[in-house]
Amino acid sequence: MNEVKHLYVHVPFCRSICYYCDFCHRIYDHELAQKWLERFKKEIENSLVPGYETIYIGGGTPTALEYDELKTLLDYLKPYSQQAFEYTIEANPESLDEDKIILMKEYGINRISLGVQSTDTGILRSINRKHDFALIKEKIALLRKHGLDNISVDLMYSLPNQTLETLQKTLDDILSLDVPHISIYSLTIEENSVFGRKGISALDEEIEADMYELIEKCLTQNGYRHYEISNFCKEDCYSRHNMSYWNYEDFIGVSLAASSKIGSRRYTNTRSFERYFSSDDIHEEDIVLNKKEQMFEHIMMSLRTDLGLDIDGFERRYECKIEEEYPQGTGNPHIVIENGRMYCKDLAILNTVLLDFME
Ligand code: SF4
């Protein structure tokens, strides 16, 4: 029986590189993709067992693969996806076409996470994104035509040259599409991204905070539930896969740079294509957390959501009383304990609140 219920698959290719991104990826290359698929097959045969409830294919850009390669990937994953009730794939508007959508549907994919970031063409070009809002609308209509309507849109804020007005316009555009799920992340300048190398700096913290406030107000007023720091959904269309991370369940990640959490053990696969292709030993940062570290990690992840932490489950798992173990944390004025759950009233300041749970 498979004890781990959640599987993440990393596709390490993109058709072009966004200036803010330092994820593990290479520009798509047919030969490299073939070699990766071959090695990937070997990896999953050695590390996976059937029975995952959620599968998330991310990257990189899974749709950067050609049709036949995507088909091969989904074939390889077929033995593991039979029981998956949520099967998500990330897609970019430029590389998603009708044939790939039909293929995804055939293989049981039932949720799409579409990389949009903004609907402002000037901003999109300034971060090296090739699409525009018209293409996004077209691809969403195509997904719906084939019954794939569980769609999540990824957006960004605090981008260079973005203002509260252009952000509001993007939100209005996205609201007009009536998608059930929206993720929205602030720009972080990563050292190894094009922005990092060019010395571009992030927007002022105050503007970033104003943008977050605008996003929250606009989306909640329009019927979205703010269920996690960066995630909003209609009704119960939250991401089951990501919820498993926040509920501190175990998960396994395969392919380059993918992380796994199995009990107290954490490991991340190598980011190096060379090592991935040439060695059977692909785990890096393979560590075992002690009980105290797991308890803090569990609290940190759970408080990210509006449902917070299940206190009874936590106390049974770690054989402790949470209020005795964390008097300062549970006493923080932003922490609420009611109906067997503990949550943070103001997700925007969670990091500060968490300091009170640290030793
Ligand atoms: S943001 Fe997505 S599409 Fe852009 S470079 Fe990063 S992984 Fe590729």
# chains A, B, ... in the order shown; residues from 1 in each chain; ligands from 1
>>> residues_around(residues="Ile282 of chain A", least_positions_apart="2", cutoff="12 Å", atoms="only C-alpha atoms", output="list in words")
Arg39, Phe40, Glu43, Ser47, Val254, Ser255, Leu256, Ala257, Ala258, Ser259, Tyr267, Thr268, Asn269, Thr270, Arg271, Ser272, Phe273, Glu274, Arg275, Tyr276, Phe277, Ser278, Ser279, Asp280, Glu284, Glu285 and Asp286 of chain A
>>> residues_around(residues="segment 163-173 of chain A", least_positions_apart="6", cutoff="12 Å", atoms="only C-alpha atoms", output="PyMOL selection string")
chain A and resi 116-124+132-134+136-137+153-157+179+182-184+186+203-204+206-222
>>> residues_near_ligand(ligand="ligand 1", cutoff="9 Å", atoms="only C-alpha atoms and all ligand atoms", output="list in words")
Pro12, Phe13, Cys14, Arg15, Ser16, Ile17, Cys18, Tyr19, Tyr20, Cys21, Asp22, Phe23, Cys24, His25, Arg26, Ile27, Gly58, Gly59, Gly60, Thr61, Ala64, Glu90, Ala91, Asn92, Gly115, Gln117, Ile127, Asn128 and Arg129 of chain A
>>> write_last_selection(atoms="N, CA and C atoms", output="PDB file, in the first residue's frame")
ATOM      1  N   PRO A  12      11.628  19.937 -16.464  1.00  0.00           N
ATOM      2  CA  PRO A  12      12.653  20.986 -16.359  1.00  0.00           C
ATOM      3  C   PRO A  12      12.919  21.766 -17.648  1.00  0.00           C
ATOM      4  N   PHE A  13      11.881  22.048 -18.429  1.00  0.00           N
ATOM      5  CA  PHE A  13      12.090  22.781 -19.688  1.00  0.00           C
ATOM      6  C   PHE A  13      11.140  23.969 -19.799  1.00  0.00           C
ATOM      7  N   CYS A  14      11.632  25.024 -20.437  1.00  0.00           N
ATOM      8  CA  CYS A  14      10.781  26.162 -20.769  1.00  0.00           C
ATOM      9  C   CYS A  14      11.109  26.575 -22.200  1.00  0.00           C
ATOM     10  N   ARG A  15      10.155  27.251 -22.850  1.00  0.00           N
ATOM     11  CA  ARG A  15      10.410  27.724 -24.216  1.00  0.00           C
ATOM     12  C   ARG A  15      11.182  29.040 -24.204  1.00  0.00           C
ATOM     13  N   SER A  16      11.034  29.814 -23.142  1.00  0.00           N
ATOM     14  CA  SER A  16      11.848  31.022 -22.963  1.00  0.00           C
ATOM     15  C   SER A  16      11.950  31.254 -21.456  1.00  0.00           C
ATOM     16  N   ILE A  17      12.868  32.090 -21.068  1.00  0.00           N
ATOM     17  CA  ILE A  17      13.123  32.248 -19.635  1.00  0.00           C
ATOM     18  C   ILE A  17      12.601  33.606 -19.142  1.00  0.00           C
ATOM     19  N   CYS A  18      11.695  33.552 -18.180  1.00  0.00           N
ATOM     20  CA  CYS A  18      11.154  34.789 -17.602  1.00  0.00           C
ATOM     21  C   CYS A  18      12.243  35.438 -16.746  1.00  0.00           C
ATOM     22  N   TYR A  19      12.288  36.760 -16.773  1.00  0.00           N
ATOM     23  CA  TYR A  19      13.428  37.450 -16.150  1.00  0.00           C
ATOM     24  C   TYR A  19      13.492  37.324 -14.636  1.00  0.00           C
ATOM     25  N   TYR A  20      12.372  36.977 -13.995  1.00  0.00           N
ATOM     26  CA  TYR A  20      12.362  36.887 -12.533  1.00  0.00           C
ATOM     27  C   TYR A  20      12.668  35.489 -12.034  1.00  0.00           C
ATOM     28  N   CYS A  21      12.790  34.527 -12.933  1.00  0.00           N
ATOM     29  CA  CYS A  21      12.727  33.120 -12.541  1.00  0.00           C
ATOM     30  C   CYS A  21      14.098  32.480 -12.367  1.00  0.00           C
ATOM     31  N   ASP A  22      14.254  31.715 -11.280  1.00  0.00           N
ATOM     32  CA  ASP A  22      15.478  30.918 -11.160  1.00  0.00           C
ATOM     33  C   ASP A  22      15.135  29.451 -10.888  1.00  0.00           C
ATOM     34  N   PHE A  23      13.935  29.027 -11.323  1.00  0.00           N
ATOM     35  CA  PHE A  23      13.565  27.620 -11.160  1.00  0.00           C
ATOM     36  C   PHE A  23      14.525  26.764 -11.976  1.00  0.00           C
ATOM     37  N   CYS A  24      14.488  25.477 -11.691  1.00  0.00           N
ATOM     38  CA  CYS A  24      15.385  24.578 -12.412  1.00  0.00           C
ATOM     39  C   CYS A  24      14.795  24.271 -13.794  1.00  0.00           C
ATOM     40  N   HIS A  25      15.438  24.807 -14.826  1.00  0.00           N
ATOM     41  CA  HIS A  25      14.930  24.589 -16.166  1.00  0.00           C
ATOM     42  C   HIS A  25      16.035  24.833 -17.196  1.00  0.00           C
ATOM     43  N   ARG A  26      15.840  24.274 -18.364  1.00  0.00           N
ATOM     44  CA  ARG A  26      16.680  24.621 -19.515  1.00  0.00           C
ATOM     45  C   ARG A  26      15.724  25.012 -20.625  1.00  0.00           C
ATOM     46  N   ILE A  27      16.259  25.757 -21.596  1.00  0.00           N
ATOM     47  CA  ILE A  27      15.455  26.030 -22.779  1.00  0.00           C
ATOM     48  C   ILE A  27      15.178  24.689 -23.473  1.00  0.00           C
ATOM     49  N   GLY A  58       4.462  20.047 -12.566  1.00  0.00           N
ATOM     50  CA  GLY A  58       4.856  21.455 -12.649  1.00  0.00           C
ATOM     51  C   GLY A  58       6.211  21.594 -13.308  1.00  0.00           C
ATOM     52  N   GLY A  59       6.814  22.745 -13.119  1.00  0.00           N
ATOM     53  CA  GLY A  59       8.123  22.913 -13.743  1.00  0.00           C
ATOM     54  C   GLY A  59       8.735  24.262 -13.415  1.00  0.00           C
ATOM     55  N   GLY A  60       9.540  24.735 -14.361  1.00  0.00           N
ATOM     56  CA  GLY A  60       9.536  24.530 -15.781  1.00  0.00           C
ATOM     57  C   GLY A  60       8.137  24.756 -16.380  1.00  0.00           C
ATOM     58  N   THR A  61       7.999  24.255 -17.553  1.00  0.00           N
ATOM     59  CA  THR A  61       6.720  24.363 -18.251  1.00  0.00           C
ATOM     60  C   THR A  61       6.391  23.009 -18.883  1.00  0.00           C
ATOM     61  N   ALA A  64       5.844  22.882 -22.488  1.00  0.00           N
ATOM     62  CA  ALA A  64       6.979  23.163 -23.391  1.00  0.00           C
ATOM     63  C   ALA A  64       7.341  21.892 -24.159  1.00  0.00           C
ATOM     64  N   GLU A  90       0.646  22.200 -15.006  1.00  0.00           N
ATOM     65  CA  GLU A  90       0.888  23.621 -15.293  1.00  0.00           C
ATOM     66  C   GLU A  90       0.990  23.806 -16.799  1.00  0.00           C
ATOM     67  N   ALA A  91       0.521  24.956 -17.273  1.00  0.00           N
ATOM     68  CA  ALA A  91       0.577  25.223 -18.716  1.00  0.00           C
ATOM     69  C   ALA A  91       0.885  26.692 -18.953  1.00  0.00           C
ATOM     70  N   ASN A  92       1.553  26.945 -20.029  1.00  0.00           N
ATOM     71  CA  ASN A  92       1.772  28.328 -20.458  1.00  0.00           C
ATOM     72  C   ASN A  92       0.882  28.600 -21.661  1.00  0.00           C
ATOM     73  N   GLY A 115      -0.096  29.815 -16.360  1.00  0.00           N
ATOM     74  CA  GLY A 115       0.820  30.917 -16.026  1.00  0.00           C
ATOM     75  C   GLY A 115       0.428  32.180 -16.771  1.00  0.00           C
ATOM     76  N   GLN A 117       0.454  35.724 -14.974  1.00  0.00           N
ATOM     77  CA  GLN A 117       1.277  36.764 -14.299  1.00  0.00           C
ATOM     78  C   GLN A 117       0.673  38.176 -14.366  1.00  0.00           C
ATOM     79  N   ILE A 127       8.959  41.323 -18.437  1.00  0.00           N
ATOM     80  CA  ILE A 127       9.438  40.151 -17.694  1.00  0.00           C
ATOM     81  C   ILE A 127       9.702  38.968 -18.639  1.00  0.00           C
ATOM     82  N   ASN A 128       9.675  39.278 -19.947  1.00  0.00           N
ATOM     83  CA  ASN A 128       9.932  38.284 -21.005  1.00  0.00           C
ATOM     84  C   ASN A 128       8.857  37.212 -21.123  1.00  0.00           C
ATOM     85  N   ARG A 129       7.619  37.620 -20.961  1.00  0.00           N
ATOM     86  CA  ARG A 129       6.511  36.708 -21.238  1.00  0.00           C
ATOM     87  C   ARG A 129       5.953  37.060 -22.616  1.00  0.00           C
TER      88      ARG A 129
END
>>> residues_around(residues="segment 138-148 of chain A", least_positions_apart="2", cutoff="12 Å", atoms="only C-alpha atoms", output="number ranges by chain")
A: 87-89, 91-106, 108-116, 131-136, 150-153, 174, 176-180
>>> residues_around(residues="Glu324 of chain A", least_positions_apart="5", cutoff="12 Å", atoms="only C-alpha atoms", output="list in words")
Glu315, Glu319, Gly329, Thr330, Gly331 and Phe357 of chain A
>>> atom_distance(atom1="atom CA of Gly313 of chain A", atom2="atom CA of Ile299 of chain A")
11.7 Å
>>> select_by_dssp(residues="segment 153-350 of chain A", states="helix (DSSP H, G or I)", output="count of residues only")
81
>>> closest_residue(among="A:Cys237, A:Leu65, A:Ile55, A:Pro50", to="Asp29 of chain A", atoms="only C-alpha atoms")
A:Leu65
>>> residues_around(residues="Tyr326 of chain A", least_positions_apart="3", cutoff="12 Å", atoms="only C-alpha atoms", output="ChimeraX atom specification")
/A:292,295-296,299,315,320-323,329-332,335,354-359
>>> write_last_selection(atoms="C-alpha atoms", output="compact mmCIF listing (two decimals), in the first residue's frame")
# COMPACT_ATOMS: atom_id res chain seq x y z
CA LYS A 292 10.96 19.96 17.73
CA MET A 295 6.53 20.59 15.28
CA PHE A 296 7.61 24.06 14.22
CA ILE A 299 2.73 24.93 12.75
CA GLU A 315 -1.21 17.14 20.22
CA CYS A 320 2.16 17.49 23.92
CA LYS A 321 -0.20 20.32 24.89
CA ILE A 322 0.22 23.11 22.38
CA GLU A 323 -0.49 25.95 24.81
CA GLY A 329 3.07 31.76 20.25
CA THR A 330 -0.42 30.76 21.36
CA GLY A 331 -0.60 33.99 23.39
CA ASN A 332 0.14 36.21 20.38
CA ILE A 335 -3.51 33.92 17.06
CA LEU A 354 5.75 32.81 13.75
CA LEU A 355 8.71 34.35 15.57
CA ASP A 356 6.76 33.77 18.78
CA PHE A 357 6.66 30.04 18.02
CA MET A 358 10.41 29.85 17.62
CA GLU A 359 12.64 28.84 20.50
>>> atom_distance(atom1="atom CA of Asp346 of chain A", atom2="atom CA of His241 of chain A")
23.6 Å
>>> decode(residues="segment 153-226 of chain A", atoms="C-alpha atoms", output="compact mmCIF listing (two decimals), in the first residue's frame")
# COMPACT_ATOMS: atom_id res chain seq x y z
CA VAL A 153 -4.55 31.33 -12.93
CA ASP A 154 -1.11 32.35 -11.62
CA LEU A 155 -0.54 36.09 -11.21
CA MET A 156 2.28 38.26 -9.89
CA TYR A 157 2.41 41.61 -8.15
CA SER A 158 5.13 44.02 -7.12
CA LEU A 159 6.57 43.77 -10.62
CA PRO A 160 8.80 46.55 -12.02
CA ASN A 161 6.63 49.37 -13.46
CA GLN A 162 3.46 47.83 -12.03
CA THR A 163 1.17 50.32 -10.31
CA LEU A 164 -1.97 49.89 -8.24
CA GLU A 165 -3.93 50.90 -11.37
CA THR A 166 -2.34 48.31 -13.69
CA LEU A 167 -2.71 45.66 -10.99
CA GLN A 168 -6.41 46.56 -10.60
CA LYS A 169 -6.85 46.26 -14.38
CA THR A 170 -5.27 42.78 -14.33
CA LEU A 171 -7.57 41.73 -11.48
CA ASP A 172 -10.61 43.06 -13.36
CA ASP A 173 -9.54 41.19 -16.51
CA ILE A 174 -9.09 37.96 -14.60
CA LEU A 175 -12.39 38.40 -12.74
CA SER A 176 -14.10 38.67 -16.13
CA LEU A 177 -12.90 35.12 -16.88
CA ASP A 178 -14.61 33.72 -13.77
CA VAL A 179 -11.95 31.08 -13.06
CA PRO A 180 -12.41 29.08 -9.85
CA HIS A 181 -8.87 29.55 -8.50
CA ILE A 182 -6.28 32.34 -8.46
CA SER A 183 -2.72 32.20 -7.06
CA ILE A 184 -0.90 35.49 -6.71
CA TYR A 185 2.73 35.87 -5.68
CA SER A 186 4.87 38.93 -5.08
CA LEU A 187 8.08 39.29 -7.05
CA THR A 188 11.19 38.20 -5.21
CA ILE A 189 14.45 39.12 -6.86
CA GLU A 190 16.42 35.88 -7.03
CA GLU A 191 20.19 36.22 -7.33
CA ASN A 192 20.36 33.78 -10.24
CA SER A 193 17.50 35.26 -12.24
CA VAL A 194 18.01 37.72 -15.10
CA PHE A 195 16.64 40.48 -12.82
CA GLY A 196 19.07 39.46 -10.07
CA ARG A 197 22.03 39.54 -12.43
CA LYS A 198 20.95 42.93 -13.81
CA GLY A 199 20.63 44.38 -10.31
CA ILE A 200 16.91 45.18 -10.66
CA SER A 201 15.41 45.86 -7.26
CA ALA A 202 11.98 44.99 -5.92
CA LEU A 203 9.27 47.61 -5.42
CA ASP A 204 9.14 49.47 -2.16
CA GLU A 205 7.74 47.37 0.74
CA GLU A 206 4.95 49.84 1.36
CA ILE A 207 3.68 49.64 -2.23
CA GLU A 208 3.91 45.86 -2.03
CA ALA A 209 1.77 45.89 1.14
CA ASP A 210 -0.77 48.22 -0.56
CA MET A 211 -0.92 45.84 -3.52
CA TYR A 212 -1.54 42.84 -1.25
CA GLU A 213 -4.34 44.74 0.46
CA LEU A 214 -5.85 45.65 -2.91
CA ILE A 215 -5.71 42.04 -4.11
CA GLU A 216 -7.31 40.68 -0.96
CA LYS A 217 -10.08 43.27 -0.95
CA CYS A 218 -10.84 42.94 -4.65
CA LEU A 219 -10.90 39.14 -4.77
CA THR A 220 -12.82 38.58 -1.53
CA GLN A 221 -15.41 41.20 -2.53
CA ASN A 222 -15.86 39.25 -5.75
CA GLY A 223 -16.67 35.96 -4.05
CA TYR A 224 -13.25 34.38 -3.66
CA ARG A 225 -12.21 32.79 -0.39
CA HIS A 226 -8.72 33.83 0.71
